[in-house]
Amino acid sequence: METTPGADWTYFQTLNANRRSVRDFTGEPIPDKDMQDILEAAMLAPSSANSQPYELHWVKDPVVKALVAKACNSQRAAMTATYLVVIVASKKITRNAINRQLDYISGTDKMDERTKAYHLKNMKPCVVF
């Protein structure tokens, strides 16, 4: 699909200028497939060294959702949302992600040696932060 240079940026600017914060939800279920697609897209967000130093937790269980909503100061949006997504970040998650990537880079035959060397030089094993 061809686009005019800048058209995507203009489209984004229009969307961004007209966005609004939703505070009340209907409670209508969201199909699991749609939520999975949304979460998969979120997991593609770039991060430093492609470390993705976070986990996404899809909270579907109504009892757990109520507890999480209460932890969010019982905000109306959290109380009325069909589901919640909790984003957790930590040094341990980052350390584990980078170490998994190092293992992958070292063991893969899908990268040439020059590319492997580049990534291995820029990603040091995360023993301690």
# chains A, B, ... in the order shown; residues from 1 in each chain; ligands from 1
>>> select_by_dssp(residues="chain A", states="strand (DSSP E or B)", output="PyMOL selection string")
chain A and resi 54-59+84-89
>>> write_last_selection(atoms="N, CA and C atoms", output="PDB file, in the first residue's frame")
ATOM      1  N   TYR A  54       9.633  -5.786  30.869  1.00  0.00           N
ATOM      2  CA  TYR A  54       8.310  -5.772  31.485  1.00  0.00           C
ATOM      3  C   TYR A  54       7.573  -7.058  31.147  1.00  0.00           C
ATOM      4  N   GLU A  55       6.533  -7.283  31.912  1.00  0.00           N
ATOM      5  CA  GLU A  55       5.594  -8.374  31.641  1.00  0.00           C
ATOM      6  C   GLU A  55       4.200  -7.766  31.581  1.00  0.00           C
ATOM      7  N   LEU A  56       3.367  -8.301  30.726  1.00  0.00           N
ATOM      8  CA  LEU A  56       1.976  -7.878  30.626  1.00  0.00           C
ATOM      9  C   LEU A  56       1.108  -8.983  31.219  1.00  0.00           C
ATOM     10  N   HIS A  57       0.280  -8.617  32.172  1.00  0.00           N
ATOM     11  CA  HIS A  57      -0.617  -9.588  32.803  1.00  0.00           C
ATOM     12  C   HIS A  57      -2.059  -9.189  32.499  1.00  0.00           C
ATOM     13  N   TRP A  58      -2.740 -10.060  31.781  1.00  0.00           N
ATOM     14  CA  TRP A  58      -4.135  -9.831  31.394  1.00  0.00           C
ATOM     15  C   TRP A  58      -5.001 -10.349  32.531  1.00  0.00           C
ATOM     16  N   VAL A  59      -5.686  -9.447  33.199  1.00  0.00           N
ATOM     17  CA  VAL A  59      -6.509  -9.816  34.351  1.00  0.00           C
ATOM     18  C   VAL A  59      -7.951  -9.980  33.881  1.00  0.00           C
ATOM     19  N   LEU A  84      -8.372  -5.879  32.855  1.00  0.00           N
ATOM     20  CA  LEU A  84      -7.264  -4.976  33.155  1.00  0.00           C
ATOM     21  C   LEU A  84      -5.986  -5.607  32.609  1.00  0.00           C
ATOM     22  N   VAL A  85      -5.062  -4.758  32.233  1.00  0.00           N
ATOM     23  CA  VAL A  85      -3.728  -5.220  31.863  1.00  0.00           C
ATOM     24  C   VAL A  85      -2.771  -4.563  32.851  1.00  0.00           C
ATOM     25  N   VAL A  86      -2.078  -5.407  33.586  1.00  0.00           N
ATOM     26  CA  VAL A  86      -1.104  -4.925  34.557  1.00  0.00           C
ATOM     27  C   VAL A  86       0.272  -5.072  33.934  1.00  0.00           C
ATOM     28  N   ILE A  87       1.021  -3.979  33.943  1.00  0.00           N
ATOM     29  CA  ILE A  87       2.367  -3.979  33.391  1.00  0.00           C
ATOM     30  C   ILE A  87       3.342  -3.986  34.558  1.00  0.00           C
ATOM     31  N   VAL A  88       4.198  -4.990  34.571  1.00  0.00           N
ATOM     32  CA  VAL A  88       5.173  -5.154  35.648  1.00  0.00           C
ATOM     33  C   VAL A  88       6.563  -5.033  35.046  1.00  0.00           C
ATOM     34  N   ALA A  89       7.389  -4.199  35.656  1.00  0.00           N
ATOM     35  CA  ALA A  89       8.775  -4.045  35.210  1.00  0.00           C
ATOM     36  C   ALA A  89       9.689  -4.210  36.414  1.00  0.00           C
TER      37      ALA A  89
END
>>> select_by_dssp(residues="chain A", states="alpha helix (DSSP H)", output="PyMOL selection string")
chain A and resi 7-17+32-43+62-71+76-80+91-107+113-122
>>> closest_atom_pairs(of="stretch 68-112 of chain A", to="stretch 20-42 of chain A", cutoff="10 Å", atoms="only C-alpha atoms", output="tab-separated table")
residue	atom	partner	partner_atom	distance
A:Gln75	CA	A:Arg23	CA	8.5
A:Arg76	CA	A:Arg23	CA	6.1
A:Ala77	CA	A:Arg23	CA	4.4
A:Ala78	CA	A:Arg23	CA	8.2
A:Met79	CA	A:Asp24	CA	8.5
A:Thr80	CA	A:Phe25	CA	5.1
A:Ala81	CA	A:Phe25	CA	5.3
A:Thr82	CA	A:Gly27	CA	4.7
A:Tyr83	CA	A:Ile30	CA	8.2
A:Val85	CA	A:Leu39	CA	8.8
>>> closest_residue(among="A:Val64, A:Gln13, A:Ser106, A:Ile93", to="A:Tyr118", atoms="only C-alpha atoms")
A:Ser106
>>> atom_distance(atom1="atom CA of A:Thr115", atom2="atom CA of A:Leu102")
12.5 Å
>>> atom_distance(atom1="atom CA of A:Asn16", atom2="atom CA of A:Ser74")
27.1 Å
>>> closest_residue(among="A:Gln52, A:Lys60, A:Tyr11, A:Thr108", to="A:Lys92", atoms="only C-alpha atoms")
A:Gln52
>>> residues_around(residues="A:Arg100", least_positions_apart="4", cutoff="12 Å", atoms="only C-alpha atoms", output="PyMOL selection string")
chain A and resi 50-52+93-96+104-108+123-126
>>> atom_distance(atom1="atom CA of A:Pro46", atom2="atom CA of A:Met111")
20.4 Å
